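Encoded as structure tokens, the structure appears first; notes follow it.
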Amino acid sequence: MLTVSNFIKSYSNGGSNGQPVLTIPNLHLPLGIHYFQGGNGSGKTTFFRTVAGLLPFSGEIRLNDQYEVNRDPEAYRLRVNYAEAEPLYPDFLSARDLAEFVGKAKQAPAGQLNALVDVLGVRAFWTQPTGTFSSGMLKKLSLLLALLGTPQLVLLDEPLTTLDVDTAARLFDYVRQLHTDQGVSFLLTSHQDVSLTGLPITSSWQVGKGKIVSVS
Ligand SMILES: Nc1ncnc2c1ncn2[C@@H]1O[C@H](COP(=O)(O)OP(=O)(O)OP(=O)(O)O)[C@@H](O)[C@H]1O
């Protein structure tokens, strides 16, 4: 499903003293739900943001042996969605403004947005400016945006953080269904016990010391 090769990511602004934050000679993730763990500052968000096509890097990231993130950016980004660990949006935009915009860009099927509004429980603050949102409300919105369209891969960075228990249960039921019925793959990070999601984890990975290694 996802192949990463000859990957080197450094920040050019002097972060990590200009040393690579992550080096990945070769990583192949089959269709599935893959869990990435690691301490603060180990590189999980850097990895997810790069796989989402948001950060420059050296190397190749290819989806389904077909779409390379830099060579086929439109096709790739139509198929790979990302929910940030700590989402931030322009204060004056409402959940509806953002969802309608992203829904169009991601070619969301008819009726999908309405269903996701119920899964994530965002109807109560649908037209409110995001500048007034609590951290949990922002999290729900970011998860909703990441599920719009027909992605083949969804990256969920810390989906458990700040999410209330009932919403988390509905979200992970929905994720399980997408995986089982439509073959959607997921990458997850969590500082909490990932078994709380109830999801079948295909593989686990440890991020640290500039590398990603398999956890058996
Ligand atoms: N925009 C940036 N500019 C420079 N350095 C950065 C930037 N973002 C992250 N880093 C550095 O990259 C390294 C990895 O950070 P990253 O945010 O990927 O870690 P993380 O595993 O997601 O951490 P956490 O669990 O705390 O969220 C850290 O050394 C951090 O200082």
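Simple scheme: letters A, B, ... for chains in structure tokens order, numbers from 1 for residues in each chain, numbers from 1 for ligands in the order shown.
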Throw together the list of residues within 10 Å of ligand 1, counting only C-alpha atoms and all ligand atoms, and drop it here as a count of residues only. 41
Enumerate, as a ChimeraX atom specification, the complete set of residues in region 128-187 of chain A that a backbone-based DSSP assignment places in strand (DSSP E or B). /A:129,153-157,185-187
How about saving the chosen residues, C-alpha atoms kept, as a CSV table (one decimal), in the first residue's frame?
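Wrote it out as selection_15.csv, contents follow:
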chain,number,residue,atom,x,y,z
A,129,PRO,CA,-16.3,30.1,14.2
A,153,LEU,CA,-4.9,6.0,3.2
A,154,VAL,CA,-5.8,8.1,6.3
A,155,LEU,CA,-3.1,9.4,8.7
A,156,LEU,CA,-4.5,9.9,12.3
A,157,ASP,CA,-2.0,11.7,14.5
A,185,SER,CA,-5.6,1.8,5.3
A,186,PHE,CA,-4.7,3.9,8.4
A,187,LEU,CA,-1.6,5.0,10.1
Looking only at helix (DSSP H, G or I) from DSSP on the backbone, list the matching residues of region 3-198 of chain A as a PyMOL selection string. chain A and resi 15-18+44-51+73-79+95-105+112-120+123-125+130-132+135-146+165-182+194-197
Using only C-alpha atoms, which of the listed residues (A:Gly121, A:Thr162, A:Gln182, A:Ala146) sits closest to Ala83 (chain A)? A:Ala146
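Counting only C-alpha atoms, Gln66 (chain A) has the following residues at most 10 Å away, ignoring those fewer than 6 positions along the same chain: Met1, Leu2, Asp72, Ala75 and Tyr76 of chain A.
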Residues within 10 Å of His179 (chain A), only C-alpha atoms, excluding chain neighbours under 3 positions, as an mmCIF file with C-alpha atoms, in the first residue's frame:
data_model
loop_
_atom_site.group_PDB
_atom_site.id
_atom_site.type_symbol
_atom_site.label_atom_id
_atom_site.label_comp_id
_atom_site.auth_asym_id
_atom_site.auth_seq_id
_atom_site.Cartn_x
_atom_site.Cartn_y
_atom_site.Cartn_z
ATOM 1 C CA LEU A 31 -2.950 -2.588 3.308
ATOM 2 C CA GLY A 32 -3.886 -2.419 6.989
ATOM 3 C CA ILE A 33 -3.897 -0.364 10.180
ATOM 4 C CA GLN A 152 -7.019 4.922 0.289
ATOM 5 C CA LEU A 153 -4.857 5.979 3.246
ATOM 6 C CA ASP A 173 -16.374 1.878 14.592
ATOM 7 C CA TYR A 174 -16.456 4.009 11.462
ATOM 8 C CA VAL A 175 -12.706 3.515 10.882
ATOM 9 C CA ARG A 176 -13.069 -0.261 11.295
ATOM 10 C CA GLN A 182 -13.613 -0.462 1.522
ATOM 11 C CA GLY A 183 -10.016 -1.555 2.148
ATOM 12 C CA VAL A 184 -8.942 1.842 3.476
ATOM 13 C CA SER A 185 -5.566 1.791 5.280
ATOM 14 C CA PHE A 186 -4.728 3.851 8.354
ATOM 15 C CA LEU A 199 -8.909 -1.592 16.080
ATOM 16 C CA PRO A 200 -7.140 -4.632 14.633
#
Do you know which residues are at most 8 Å from Pro151 (chain A) counting only C-alpha atoms, after dropping those on the same chain fewer than 3 positions away, and could you put them as a ChimeraX atom specification? /A:78-81,147-148,154,184
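Atom to atom, CA of Asp91 (chain A) and CA of Thr130 (chain A) stand 5.2 Å apart.
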